[in-house]
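Contents: one structure, followed by commentary.
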Amino acid sequence: MTAARLTLPSPAKLNLMLHILGRREDGYHELQTLFQFVDYGDEITFAVRDDGVIQLHTEFAGVPHDSNLIVRAAKMLQQQSGCALGIDIWIDKVLPMGGGIGGGSSNAATTLLGLNHLWQLGWDEDRLAALGLSLGADVPVFVRGHAAFAEGVGEKLTPVNPEEPWYLVLVPQVSVSTAEIFSDPLLTRNTPPIKVRPVPEGNSRNDCLPVVARRYPEVRNALDLLGKFTEAKLTGTGSCVFGGFPNKAEADKVSALLTETLTGFVAKGSNISMLHRKLQSLL
Ligand SMILES: C[C@@](CO)(OP(=O)(O)O)[C@H](O)COP(=O)(O)OP(=O)(O)OC[C@H]1O[C@@H](n2ccc(N)nc2=O)[C@H](O)[C@@H]1O
Ligand SMILES: Nc1ncnc2c1ncn2[C@@H]1O[C@H](COP(=O)(O)OP(=O)(O)O)[C@@H](O)[C@H]1O
């Protein structure tokens with residue numbers, strides 16, 4: 001068979017707010033969080049092979065081939081769909097790992113949607129999102145591709161349409177362990193639930209911020225510097241820090257001042273992910 005080939009975007013997400021409501025019996029925390037995508041991310045290229053082999057050709061420092069979320073997603077989909085085809089995969093990785101911008105989860109979702117297309121499986125979004133959840137709490141929102149208010153551990157999604165500003169995202173050169181933050185005794189775990197719609201004003205707090213800022217001076221520094229220009233927020237459990245601007249020029253101006261000493265990028269907020277816009281254009 002001819003090798004069908006496809007390159008798809010794998011964008012980052014930001015948590016515009018994150019509240020921790022409590023801890024479940026299994027140790028996981030009940031959250032309320034608002035996910036929005038940014039038009040910035042990795043690019044993954046897929047080429048179908050007919051021998052059933054799943055091969056990721058790009059090496060990741062510290063992530064063995066079979067532990068990579070891209071490979072795990074592909075193998076799980078292949079197994080559950082009974083598909084006899086395989087895939088060659090390459091990734092242009094620009095998203096920092098462990099930065100709270102969901103790179104691994106996004107890669108898993110791009111893989112699920114890309115292979116569903118190339119292998120012509122015809123799975124609907126519900127089924128792909130359910131499979132995605134077993135890979136990570138943030139995978140379903142990337143599968144759905146719409147900005148969302150998320151509850152539970154992130155699996156109950158309500159689509160929302162917050163403003164789409166330009167963001168400056170700062171990337172402190174430190175990886176924050178999600179498990180470590182969620183096990184900190186000082187973490188706020190009793191924020192009262194809020195109602196979803198419309199997107200609530202004045203609820204932009206991230207309950208992880210005080211704990212992350214105390215443990216990681218690099219994150220504290222990024223928050224302090226960006227905070228001189230706009231409200232500086234933490235995404236997920238960090239390490240990335242971001243702030244919104246009304247236009248690209250203003251975001252670029254602050255970026256030029258801060259990226260002399262810090263790494264970062266400017267990107268437009270988006271309620272429809274780049275991945276879904278690209279897939280739509282293929283139909
Ligand atoms: C909190 C978020 C917000 O986006 O953080 P980021 O990963 O984006 O920073 C995510 O939902 C993260 O979800 P997920 O990607 O599944 O977290 P993992 O790294 O698997 O979690 C590592 C550990 O953190 C704890 N954990 C995680 C999520 C959660 N809702 N409650 C928890 O208590 C658990 O001990 C878990 O074993
Ligand atoms: N394709 C992948 N991209 C990024 N990280 C991956 C991938 N596969 C596995 N991982 C592992 O998942 C961890 C979390 O990655 P990532 O999703 O980028 O961070 P975060 O959840 O903080 O946004 C990484 O530190 C890495 O060990």
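Each chain in the structure tokens gets a letter, A, B, ..., in the order shown, and its residues are numbered from 1; ligands are numbered from 1 in order too.
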
Margin query: Show me which residues are within 6 Å of ligand 1 counting only C-alpha atoms and all ligand atoms, and format the list as a PyMOL selection string.
Written below: chain A and resi 27-30+100-102+136-138+153-154+178-179+182+236-238

Just N, CA and C atoms for this one: save the residues we selected as a JSON list (two decimals), in the first residue's frame.
```
[["chain", "number", "residue", "atom", "x", "y", "z"],
["A", 27, "GLY", "N", -6.39, 9.60, 46.40],
["A", 27, "GLY", "CA", -5.25, 10.51, 46.51],
["A", 27, "GLY", "C", -5.26, 11.61, 45.46],
["A", 28, "TYR", "N", -5.98, 11.41, 44.36],
["A", 28, "TYR", "CA", -6.07, 12.44, 43.32],
["A", 28, "TYR", "C", -6.89, 13.62, 43.81],
["A", 29, "HIS", "N", -6.62, 14.78, 43.26],
["A", 29, "HIS", "CA", -7.29, 16.00, 43.69],
["A", 29, "HIS", "C", -8.39, 16.41, 42.72],
["A", 30, "GLU", "N", -9.51, 16.82, 43.31],
["A", 30, "GLU", "CA", -10.63, 17.36, 42.51],
["A", 30, "GLU", "C", -10.28, 18.80, 42.14],
["A", 100, "GLY", "N", 4.02, 22.48, 32.52],
["A", 100, "GLY", "CA", 2.61, 22.80, 32.79],
["A", 100, "GLY", "C", 1.87, 23.31, 31.57],
["A", 101, "ILE", "N", 2.49, 23.16, 30.39],
["A", 101, "ILE", "CA", 1.78, 23.58, 29.19],
["A", 101, "ILE", "C", 1.32, 22.38, 28.36],
["A", 102, "GLY", "N", 1.39, 21.20, 28.98],
["A", 102, "GLY", "CA", 0.70, 20.03, 28.43],
["A", 102, "GLY", "C", 1.29, 19.40, 27.19],
["A", 136, "GLY", "N", -3.68, 10.30, 30.51],
["A", 136, "GLY", "CA", -3.41, 11.49, 31.32],
["A", 136, "GLY", "C", -4.64, 12.38, 31.40],
["A", 137, "ALA", "N", -4.75, 13.08, 32.53],
["A", 137, "ALA", "CA", -5.96, 13.88, 32.78],
["A", 137, "ALA", "C", -6.14, 15.01, 31.76],
["A", 138, "ASP", "N", -5.04, 15.49, 31.19],
["A", 138, "ASP", "CA", -5.13, 16.63, 30.27],
["A", 138, "ASP", "C", -5.33, 16.21, 28.81],
["A", 153, "VAL", "N", -10.99, 15.35, 37.78],
["A", 153, "VAL", "CA", -9.53, 15.51, 37.67],
["A", 153, "VAL", "C", -9.18, 16.14, 36.33],
["A", 154, "GLY", "N", -10.19, 16.69, 35.68],
["A", 154, "GLY", "CA", -9.97, 17.36, 34.40],
["A", 154, "GLY", "C", -10.75, 16.71, 33.28],
["A", 178, "THR", "N", 4.66, 17.39, 39.16],
["A", 178, "THR", "CA", 3.24, 17.54, 39.53],
["A", 178, "THR", "C", 2.96, 16.79, 40.83],
["A", 179, "ALA", "N", 3.51, 15.59, 40.94],
["A", 179, "ALA", "CA", 3.28, 14.76, 42.14],
["A", 179, "ALA", "C", 3.77, 15.47, 43.40],
["A", 182, "PHE", "N", 1.35, 18.28, 44.40],
["A", 182, "PHE", "CA", 0.08, 17.78, 44.95],
["A", 182, "PHE", "C", 0.27, 17.08, 46.30],
["A", 236, "GLY", "N", -0.94, 25.28, 35.19],
["A", 236, "GLY", "CA", -0.88, 23.94, 35.78],
["A", 236, "GLY", "C", -0.09, 23.97, 37.07],
["A", 237, "THR", "N", 0.82, 23.00, 37.20],
["A", 237, "THR", "CA", 1.70, 23.00, 38.38],
["A", 237, "THR", "C", 3.05, 23.64, 38.03],
["A", 238, "GLY", "N", 3.06, 24.41, 36.94],
["A", 238, "GLY", "CA", 4.29, 25.09, 36.52],
["A", 238, "GLY", "C", 5.17, 24.12, 35.74]]
```

TODO: Go through the chains and note each residue within 9 Å of ligand 2, using only C-alpha atoms and all ligand atoms, then give the set as a PyMOL selection string.
DONE: chain A and resi 12-13+60-65+67-72+91+93+95-108+136+138+175-178+235-240

For those residues, write N, CA and C atoms to a file as a CSV table (one decimal), in the first residue's frame.
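Output (selection-v5.csv):
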```
chain,number,residue,atom,x,y,z
A,12,ALA,N,0.3,23.9,22.7
A,12,ALA,CA,0.3,24.0,24.2
A,12,ALA,C,-1.0,24.4,24.7
A,13,LYS,N,-1.2,24.2,26.0
A,13,LYS,CA,-2.4,24.8,26.7
A,13,LYS,C,-1.9,25.6,27.9
A,60,PHE,N,14.0,11.4,22.7
A,60,PHE,CA,13.7,12.3,23.8
A,60,PHE,C,14.7,12.1,24.9
A,61,ALA,N,15.3,13.1,25.4
A,61,ALA,CA,16.2,12.9,26.5
A,61,ALA,C,15.4,12.5,27.7
A,62,GLY,N,15.8,11.4,28.3
A,62,GLY,CA,15.1,11.0,29.6
A,62,GLY,C,13.8,10.3,29.4
A,63,VAL,N,13.3,10.1,28.2
A,63,VAL,CA,12.0,9.4,28.0
A,63,VAL,C,12.3,8.2,27.0
A,64,PRO,N,12.3,7.0,27.6
A,64,PRO,CA,12.5,5.8,26.7
A,64,PRO,C,11.4,5.7,25.7
A,65,HIS,N,11.7,5.1,24.5
A,65,HIS,CA,10.8,5.0,23.4
A,65,HIS,C,9.4,4.5,23.8
A,67,SER,N,7.9,4.5,26.6
A,67,SER,CA,7.2,5.3,27.7
A,67,SER,C,6.7,6.6,27.1
A,68,ASN,N,7.2,6.9,25.9
A,68,ASN,CA,6.8,8.2,25.3
A,68,ASN,C,5.3,8.2,25.1
A,69,LEU,N,4.6,9.3,25.4
A,69,LEU,CA,3.1,9.3,25.3
A,69,LEU,C,2.7,9.1,23.9
A,70,ILE,N,3.5,9.5,22.9
A,70,ILE,CA,3.2,9.4,21.5
A,70,ILE,C,3.1,7.9,21.2
A,71,VAL,N,4.1,7.1,21.6
A,71,VAL,CA,4.1,5.7,21.4
A,71,VAL,C,3.0,5.0,22.1
A,72,ARG,N,2.8,5.4,23.4
A,72,ARG,CA,1.8,4.7,24.2
A,72,ARG,C,0.4,4.9,23.6
A,91,ILE,N,8.9,14.0,15.4
A,91,ILE,CA,8.4,15.2,16.0
A,91,ILE,C,9.4,16.3,16.1
A,93,LYS,N,10.1,19.0,18.3
A,93,LYS,CA,9.7,19.3,19.7
A,93,LYS,C,10.2,20.7,20.1
A,95,LEU,N,8.1,22.4,22.6
A,95,LEU,CA,7.5,22.6,23.9
A,95,LEU,C,8.3,22.1,25.0
A,96,PRO,N,8.6,22.9,26.1
A,96,PRO,CA,9.4,22.3,27.2
A,96,PRO,C,8.6,21.2,27.9
A,97,MET,N,9.3,20.3,28.4
A,97,MET,CA,8.7,19.2,29.2
A,97,MET,C,8.6,19.5,30.7
A,98,GLY,N,7.5,19.2,31.2
A,98,GLY,CA,7.3,19.4,32.7
A,98,GLY,C,7.1,20.9,32.9
A,99,GLY,N,6.5,21.6,32.0
A,99,GLY,CA,6.3,23.1,32.1
A,99,GLY,C,4.9,23.5,32.4
A,100,GLY,N,4.0,22.5,32.5
A,100,GLY,CA,2.6,22.8,32.8
A,100,GLY,C,1.9,23.3,31.6
A,101,ILE,N,2.5,23.2,30.4
A,101,ILE,CA,1.8,23.6,29.2
A,101,ILE,C,1.3,22.4,28.4
A,102,GLY,N,1.4,21.2,29.0
A,102,GLY,CA,0.7,20.0,28.4
A,102,GLY,C,1.3,19.4,27.2
A,103,GLY,N,2.6,19.6,27.0
A,103,GLY,CA,3.2,19.1,25.7
A,103,GLY,C,3.0,17.6,25.5
A,104,GLY,N,3.2,16.8,26.6
A,104,GLY,CA,3.1,15.4,26.4
A,104,GLY,C,1.6,15.0,26.2
A,105,SER,N,0.7,15.6,26.9
A,105,SER,CA,-0.7,15.3,26.7
A,105,SER,C,-1.1,15.7,25.3
A,106,SER,N,-0.7,16.8,24.8
A,106,SER,CA,-1.0,17.3,23.5
A,106,SER,C,-0.4,16.4,22.4
A,107,ASN,N,0.8,15.9,22.6
A,107,ASN,CA,1.4,14.9,21.7
A,107,ASN,C,0.5,13.7,21.6
A,108,ALA,N,0.1,13.2,22.8
A,108,ALA,CA,-0.8,12.0,22.8
A,108,ALA,C,-2.1,12.2,22.0
A,136,GLY,N,-3.7,10.3,30.5
A,136,GLY,CA,-3.4,11.5,31.3
A,136,GLY,C,-4.6,12.4,31.4
A,138,ASP,N,-5.0,15.5,31.2
A,138,ASP,CA,-5.1,16.6,30.3
A,138,ASP,C,-5.3,16.2,28.8
A,175,SER,N,12.2,21.9,35.8
A,175,SER,CA,11.0,21.1,35.6
A,175,SER,C,10.3,20.8,37.0
A,176,VAL,N,9.0,21.1,37.1
A,176,VAL,CA,8.3,21.0,38.3
A,176,VAL,C,7.6,19.6,38.3
A,177,SER,N,7.7,18.9,39.4
A,177,SER,CA,7.1,17.6,39.5
A,177,SER,C,5.6,17.8,40.0
A,178,THR,N,4.7,17.4,39.2
A,178,THR,CA,3.2,17.5,39.5
A,178,THR,C,3.0,16.8,40.8
A,235,THR,N,0.8,28.3,35.0
A,235,THR,CA,0.0,27.4,34.3
A,235,THR,C,0.2,26.0,34.9
A,236,GLY,N,-0.9,25.3,35.2
A,236,GLY,CA,-0.9,23.9,35.8
A,236,GLY,C,-0.1,24.0,37.1
A,237,THR,N,0.8,23.0,37.2
A,237,THR,CA,1.7,23.0,38.4
A,237,THR,C,3.0,23.6,38.0
A,238,GLY,N,3.1,24.4,36.9
A,238,GLY,CA,4.3,25.1,36.5
A,238,GLY,C,5.2,24.1,35.7
A,239,SER,N,6.3,24.6,35.3
A,239,SER,CA,7.0,25.8,35.8
A,239,SER,C,6.6,27.1,35.0
A,240,CYS,N,5.9,26.9,33.9
A,240,CYS,CA,5.7,28.1,33.0
A,240,CYS,C,4.8,29.2,33.6
```

Check: Leaving out His276 (chain A) and any residue of its chain fewer than 6 positions from it, which residues lie within 12 Å of it when counting only C-alpha atoms, given as a PyMOL selection string?
Finding: chain A and resi 8-11+37+39+106+109-110+113-114+125+141-147+270+282-283

query = Could you pull out the strand (DSSP E) residues of region 51-232 of chain A from DSSP and send them as a PyMOL selection string?
reply = chain A and resi 54-56+86-92+148-152+156-159+166-170

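Close contacts of Pro217 (chain A), defined as residues with an atom at most 12 Å away when counting only C-alpha atoms, with chain neighbours fewer than 4 positions off set aside, comprise A:Pro172, A:Gln173, A:Val174, A:Val176, A:Pro210, A:Val211, A:Val212, A:Ala213, A:Asn221, A:Ala222, A:Leu223, A:Asp224, A:Ser239.
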
Generate the output file for the selected residues, all heavy atoms, as a PDB file, in the first residue's frame.
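Produced file selection17.pdb, reproduced below:
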```
ATOM      1  N   PRO A 172      10.789  29.091  32.860  1.00  0.00           N
ATOM      2  CA  PRO A 172      11.923  28.946  33.785  1.00  0.00           C
ATOM      3  C   PRO A 172      12.619  27.617  33.528  1.00  0.00           C
ATOM      4  O   PRO A 172      11.956  26.610  33.253  1.00  0.00           O
ATOM      5  CB  PRO A 172      11.264  28.972  35.169  1.00  0.00           C
ATOM      6  CG  PRO A 172       9.934  29.639  34.957  1.00  0.00           C
ATOM      7  CD  PRO A 172       9.512  29.256  33.567  1.00  0.00           C
ATOM      8  N   GLN A 173      13.941  27.635  33.619  1.00  0.00           N
ATOM      9  CA  GLN A 173      14.704  26.423  33.268  1.00  0.00           C
ATOM     10  C   GLN A 173      14.711  25.427  34.423  1.00  0.00           C
ATOM     11  O   GLN A 173      15.747  25.072  34.977  1.00  0.00           O
ATOM     12  CB  GLN A 173      16.120  26.804  32.848  1.00  0.00           C
ATOM     13  CG  GLN A 173      16.155  27.689  31.609  1.00  0.00           C
ATOM     14  CD  GLN A 173      15.460  27.057  30.410  1.00  0.00           C
ATOM     15  OE1 GLN A 173      15.910  26.038  29.907  1.00  0.00           O
ATOM     16  NE2 GLN A 173      14.350  27.644  29.957  1.00  0.00           N
ATOM     17  N   VAL A 174      13.513  24.991  34.774  1.00  0.00           N
ATOM     18  CA  VAL A 174      13.373  24.018  35.854  1.00  0.00           C
ATOM     19  C   VAL A 174      12.099  23.221  35.585  1.00  0.00           C
ATOM     20  O   VAL A 174      11.124  23.762  35.068  1.00  0.00           O
ATOM     21  CB  VAL A 174      13.308  24.754  37.221  1.00  0.00           C
ATOM     22  CG1 VAL A 174      12.181  25.755  37.288  1.00  0.00           C
ATOM     23  CG2 VAL A 174      13.189  23.788  38.363  1.00  0.00           C
ATOM     24  N   VAL A 176       9.025  21.120  37.050  1.00  0.00           N
ATOM     25  CA  VAL A 176       8.294  20.971  38.319  1.00  0.00           C
ATOM     26  C   VAL A 176       7.573  19.626  38.307  1.00  0.00           C
ATOM     27  O   VAL A 176       6.871  19.298  37.354  1.00  0.00           O
ATOM     28  CB  VAL A 176       7.271  22.117  38.503  1.00  0.00           C
ATOM     29  CG1 VAL A 176       6.431  21.895  39.752  1.00  0.00           C
ATOM     30  CG2 VAL A 176       7.985  23.467  38.591  1.00  0.00           C
ATOM     31  N   PRO A 210       1.295  29.388  45.240  1.00  0.00           N
ATOM     32  CA  PRO A 210       2.110  29.663  46.442  1.00  0.00           C
ATOM     33  C   PRO A 210       3.112  28.548  46.738  1.00  0.00           C
ATOM     34  O   PRO A 210       4.266  28.833  47.092  1.00  0.00           O
ATOM     35  CB  PRO A 210       1.063  29.778  47.562  1.00  0.00           C
ATOM     36  CG  PRO A 210      -0.225  30.080  46.865  1.00  0.00           C
ATOM     37  CD  PRO A 210      -0.154  29.411  45.531  1.00  0.00           C
ATOM     38  N   VAL A 211       2.689  27.303  46.537  1.00  0.00           N
ATOM     39  CA  VAL A 211       3.578  26.164  46.825  1.00  0.00           C
ATOM     40  C   VAL A 211       4.726  26.114  45.816  1.00  0.00           C
ATOM     41  O   VAL A 211       5.899  25.935  46.182  1.00  0.00           O
ATOM     42  CB  VAL A 211       2.755  24.843  46.801  1.00  0.00           C
ATOM     43  CG1 VAL A 211       3.678  23.639  46.791  1.00  0.00           C
ATOM     44  CG2 VAL A 211       1.817  24.787  48.003  1.00  0.00           C
ATOM     45  N   VAL A 212       4.406  26.308  44.533  1.00  0.00           N
ATOM     46  CA  VAL A 212       5.449  26.254  43.489  1.00  0.00           C
ATOM     47  C   VAL A 212       6.427  27.416  43.679  1.00  0.00           C
ATOM     48  O   VAL A 212       7.647  27.235  43.607  1.00  0.00           O
ATOM     49  CB  VAL A 212       4.819  26.283  42.074  1.00  0.00           C
ATOM     50  CG1 VAL A 212       5.897  26.294  41.007  1.00  0.00           C
ATOM     51  CG2 VAL A 212       3.885  25.090  41.877  1.00  0.00           C
ATOM     52  N   ALA A 213       5.888  28.608  43.952  1.00  0.00           N
ATOM     53  CA  ALA A 213       6.760  29.784  44.098  1.00  0.00           C
ATOM     54  C   ALA A 213       7.695  29.622  45.300  1.00  0.00           C
ATOM     55  O   ALA A 213       8.845  30.055  45.268  1.00  0.00           O
ATOM     56  CB  ALA A 213       5.913  31.047  44.243  1.00  0.00           C
ATOM     57  N   ASN A 221      11.046  34.150  40.460  1.00  0.00           N
ATOM     58  CA  ASN A 221      11.702  35.228  39.731  1.00  0.00           C
ATOM     59  C   ASN A 221      10.911  35.602  38.466  1.00  0.00           C
ATOM     60  O   ASN A 221      10.678  36.779  38.182  1.00  0.00           O
ATOM     61  CB  ASN A 221      13.123  34.761  39.368  1.00  0.00           C
ATOM     62  CG  ASN A 221      13.892  35.805  38.614  1.00  0.00           C
ATOM     63  OD1 ASN A 221      13.891  36.969  38.994  1.00  0.00           O
ATOM     64  ND2 ASN A 221      14.542  35.408  37.516  1.00  0.00           N
ATOM     65  N   ALA A 222      10.461  34.592  37.720  1.00  0.00           N
ATOM     66  CA  ALA A 222       9.687  34.851  36.491  1.00  0.00           C
ATOM     67  C   ALA A 222       8.366  35.556  36.834  1.00  0.00           C
ATOM     68  O   ALA A 222       7.949  36.490  36.131  1.00  0.00           O
ATOM     69  CB  ALA A 222       9.422  33.526  35.757  1.00  0.00           C
ATOM     70  N   LEU A 223       7.714  35.135  37.912  1.00  0.00           N
ATOM     71  CA  LEU A 223       6.456  35.770  38.332  1.00  0.00           C
ATOM     72  C   LEU A 223       6.692  37.230  38.702  1.00  0.00           C
ATOM     73  O   LEU A 223       5.923  38.119  38.313  1.00  0.00           O
ATOM     74  CB  LEU A 223       5.858  35.024  39.534  1.00  0.00           C
ATOM     75  CG  LEU A 223       5.216  33.662  39.247  1.00  0.00           C
ATOM     76  CD1 LEU A 223       5.037  32.874  40.540  1.00  0.00           C
ATOM     77  CD2 LEU A 223       3.868  33.827  38.545  1.00  0.00           C
ATOM     78  N   ASP A 224       7.783  37.482  39.426  1.00  0.00           N
ATOM     79  CA  ASP A 224       8.093  38.859  39.849  1.00  0.00           C
ATOM     80  C   ASP A 224       8.377  39.754  38.650  1.00  0.00           C
ATOM     81  O   ASP A 224       7.871  40.874  38.562  1.00  0.00           O
ATOM     82  CB  ASP A 224       9.331  38.872  40.774  1.00  0.00           C
ATOM     83  CG  ASP A 224       9.008  38.292  42.148  1.00  0.00           C
ATOM     84  OD1 ASP A 224       7.814  38.140  42.449  1.00  0.00           O
ATOM     85  OD2 ASP A 224       9.958  37.975  42.893  1.00  0.00           O
ATOM     86  N   SER A 239       6.306  24.602  35.350  1.00  0.00           N
ATOM     87  CA  SER A 239       6.995  25.805  35.759  1.00  0.00           C
ATOM     88  C   SER A 239       6.639  27.068  34.967  1.00  0.00           C
ATOM     89  O   SER A 239       7.049  28.164  35.349  1.00  0.00           O
ATOM     90  CB  SER A 239       8.504  25.566  35.582  1.00  0.00           C
ATOM     91  OG  SER A 239       8.779  25.254  34.212  1.00  0.00           O
TER      92      SER A 239
END
```

### Query
Which residues come within 12 Å of Ile87 (chain A), counting only C-alpha atoms, excluding same-chain residues fewer than 4 positions away, as a PyMOL selection string?
chain A and resi 3-6+44-57+70-71+73-75+77-78+83+111-112+114-116+118-119

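Here CA of Thr33 (chain A) is placed at a distance of 23.1 Å from CA of Gly264 (chain A).
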
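Using only C-alpha atoms, the smallest distance between any of A:Leu275, A:Ala130, A:Ala232, A:Ile194 and Met76 (chain A) comes from A:Ala130.
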
In Å and to one decimal, CA of Lys278 (chain A) is distant from CA of Gly243 (chain A) by 26.4 Å

Correct to one decimal, the distance CA of Val241 (chain A)-CA of Leu170 (chain A) is 5.2 Å

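Residue nearest Ile20 (chain A) within the list A:Ile181, A:Leu262, A:Ala148, A:Val139: A:Ile181 [criterion: smallest interatomic distance, only C-alpha atoms].
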
(message) Please extract the residues of region 7-146 of chain A with a backbone DSSP assignment of alpha helix (DSSP H) and present them as a PyMOL selection string.
(response) chain A and resi 69-81+103-118+125-133+139-144

Take the residues from that selection and put them in a file with N, CA and C atoms, as a CSV table (one decimal), in the first residue's frame.
```csv
chain,number,residue,atom,x,y,z
A,69,LEU,N,4.6,9.3,25.4
A,69,LEU,CA,3.1,9.3,25.3
A,69,LEU,C,2.7,9.1,23.9
A,70,ILE,N,3.5,9.5,22.9
A,70,ILE,CA,3.2,9.4,21.5
A,70,ILE,C,3.1,7.9,21.2
A,71,VAL,N,4.1,7.1,21.6
A,71,VAL,CA,4.1,5.7,21.4
A,71,VAL,C,3.0,5.0,22.1
A,72,ARG,N,2.8,5.4,23.4
A,72,ARG,CA,1.8,4.7,24.2
A,72,ARG,C,0.4,4.9,23.6
A,73,ALA,N,0.2,6.2,23.1
A,73,ALA,CA,-1.1,6.5,22.5
A,73,ALA,C,-1.3,5.6,21.2
A,74,ALA,N,-0.3,5.6,20.4
A,74,ALA,CA,-0.4,4.8,19.2
A,74,ALA,C,-0.6,3.3,19.4
A,75,LYS,N,0.1,2.8,20.4
A,75,LYS,CA,-0.1,1.3,20.7
A,75,LYS,C,-1.4,1.0,21.2
A,76,MET,N,-1.9,1.9,22.1
A,76,MET,CA,-3.2,1.7,22.7
A,76,MET,C,-4.3,1.7,21.6
A,77,LEU,N,-4.2,2.7,20.7
A,77,LEU,CA,-5.2,2.8,19.7
A,77,LEU,C,-5.2,1.6,18.7
A,78,GLN,N,-4.0,1.2,18.4
A,78,GLN,CA,-3.8,0.1,17.5
A,78,GLN,C,-4.4,-1.2,18.1
A,79,GLN,N,-4.1,-1.4,19.4
A,79,GLN,CA,-4.6,-2.6,20.1
A,79,GLN,C,-6.1,-2.5,20.2
A,80,GLN,N,-6.7,-1.4,20.7
A,80,GLN,CA,-8.1,-1.3,20.9
A,80,GLN,C,-9.0,-1.3,19.7
A,81,SER,N,-8.4,-0.9,18.5
A,81,SER,CA,-9.1,-0.8,17.3
A,81,SER,C,-8.9,-2.1,16.5
A,103,GLY,N,2.6,19.6,27.0
A,103,GLY,CA,3.2,19.1,25.7
A,103,GLY,C,3.0,17.6,25.5
A,104,GLY,N,3.2,16.8,26.6
A,104,GLY,CA,3.1,15.4,26.4
A,104,GLY,C,1.6,15.0,26.2
A,105,SER,N,0.7,15.6,26.9
A,105,SER,CA,-0.7,15.3,26.7
A,105,SER,C,-1.1,15.7,25.3
A,106,SER,N,-0.7,16.8,24.8
A,106,SER,CA,-1.0,17.3,23.5
A,106,SER,C,-0.4,16.4,22.4
A,107,ASN,N,0.8,15.9,22.6
A,107,ASN,CA,1.4,14.9,21.7
A,107,ASN,C,0.5,13.7,21.6
A,108,ALA,N,0.1,13.2,22.8
A,108,ALA,CA,-0.8,12.0,22.8
A,108,ALA,C,-2.1,12.2,22.0
A,109,ALA,N,-2.7,13.4,22.2
A,109,ALA,CA,-4.0,13.7,21.5
A,109,ALA,C,-3.8,13.8,20.0
A,110,THR,N,-2.7,14.5,19.6
A,110,THR,CA,-2.4,14.7,18.2
A,110,THR,C,-2.2,13.3,17.5
A,111,THR,N,-1.5,12.4,18.3
A,111,THR,CA,-1.3,11.0,17.8
A,111,THR,C,-2.6,10.3,17.6
A,112,LEU,N,-3.5,10.4,18.6
A,112,LEU,CA,-4.8,9.7,18.5
A,112,LEU,C,-5.6,10.2,17.3
A,113,LEU,N,-5.7,11.5,17.2
A,113,LEU,CA,-6.5,12.1,16.1
A,113,LEU,C,-5.8,11.8,14.7
A,114,GLY,N,-4.5,11.9,14.7
A,114,GLY,CA,-3.8,11.7,13.4
A,114,GLY,C,-3.9,10.3,12.9
A,115,LEU,N,-3.8,9.3,13.9
A,115,LEU,CA,-3.9,7.9,13.5
A,115,LEU,C,-5.3,7.5,13.2
A,116,ASN,N,-6.3,8.1,13.9
A,116,ASN,CA,-7.7,7.8,13.6
A,116,ASN,C,-8.0,8.2,12.1
A,117,HIS,N,-7.3,9.3,11.7
A,117,HIS,CA,-7.5,9.8,10.3
A,117,HIS,C,-6.8,8.9,9.3
A,118,LEU,N,-5.5,8.7,9.6
A,118,LEU,CA,-4.6,7.9,8.6
A,118,LEU,C,-5.0,6.4,8.5
A,125,GLU,N,-15.1,11.4,18.7
A,125,GLU,CA,-14.4,12.1,19.7
A,125,GLU,C,-14.5,11.6,21.1
A,126,ASP,N,-15.8,11.1,21.4
A,126,ASP,CA,-16.0,10.6,22.8
A,126,ASP,C,-15.1,9.4,23.1
A,127,ARG,N,-15.0,8.5,22.1
A,127,ARG,CA,-14.2,7.3,22.3
A,127,ARG,C,-12.7,7.6,22.4
A,128,LEU,N,-12.3,8.6,21.5
A,128,LEU,CA,-10.9,9.0,21.5
A,128,LEU,C,-10.5,9.7,22.9
A,129,ALA,N,-11.5,10.5,23.4
A,129,ALA,CA,-11.2,11.2,24.6
A,129,ALA,C,-11.2,10.2,25.8
A,130,ALA,N,-12.0,9.2,25.8
A,130,ALA,CA,-12.0,8.2,26.8
A,130,ALA,C,-10.7,7.5,26.8
A,131,LEU,N,-10.2,7.1,25.7
A,131,LEU,CA,-8.9,6.4,25.6
A,131,LEU,C,-7.8,7.4,26.1
A,132,GLY,N,-7.9,8.6,25.7
A,132,GLY,CA,-6.9,9.7,26.1
A,132,GLY,C,-6.9,9.8,27.6
A,133,LEU,N,-8.0,9.8,28.2
A,133,LEU,CA,-8.0,10.0,29.7
A,133,LEU,C,-7.2,8.9,30.4
A,139,VAL,N,-5.3,14.9,28.5
A,139,VAL,CA,-5.4,14.5,27.1
A,139,VAL,C,-6.8,14.8,26.5
A,140,PRO,N,-7.9,14.5,27.3
A,140,PRO,CA,-9.2,14.8,26.7
A,140,PRO,C,-9.4,16.2,26.1
A,141,VAL,N,-9.0,17.2,26.8
A,141,VAL,CA,-9.2,18.6,26.3
A,141,VAL,C,-8.5,18.8,25.0
A,142,PHE,N,-7.4,18.2,24.8
A,142,PHE,CA,-6.6,18.3,23.5
A,142,PHE,C,-7.3,17.5,22.4
A,143,VAL,N,-8.0,16.4,22.8
A,143,VAL,CA,-8.7,15.6,21.8
A,143,VAL,C,-9.9,16.4,21.3
A,144,ARG,N,-10.6,17.0,22.3
A,144,ARG,CA,-11.8,17.8,21.9
A,144,ARG,C,-11.5,19.1,21.2
```

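Compared by their closest atoms to Pro185 (chain A), and using only C-alpha atoms, the residues A:Ala256, A:Cys208, A:Val94, A:Val171 rank with A:Cys208 nearest.
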
Using only C-alpha atoms, the shortest atom-to-atom distance to Leu16 (chain A) among A:Leu34, A:Leu121, A:Ile272, A:Val169 belongs to A:Leu34

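With distances restricted to only C-alpha atoms, A:Leu21 is the closest residue to Pro192 (chain A) from A:Leu14, A:Leu21, A:Val160, A:Leu234.
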
The residue from A:Pro165, A:Gly22, A:Gly122, A:Gly41 with the smallest atom-to-atom distance to Phe265 (chain A), counting only C-alpha atoms, is A:Gly41
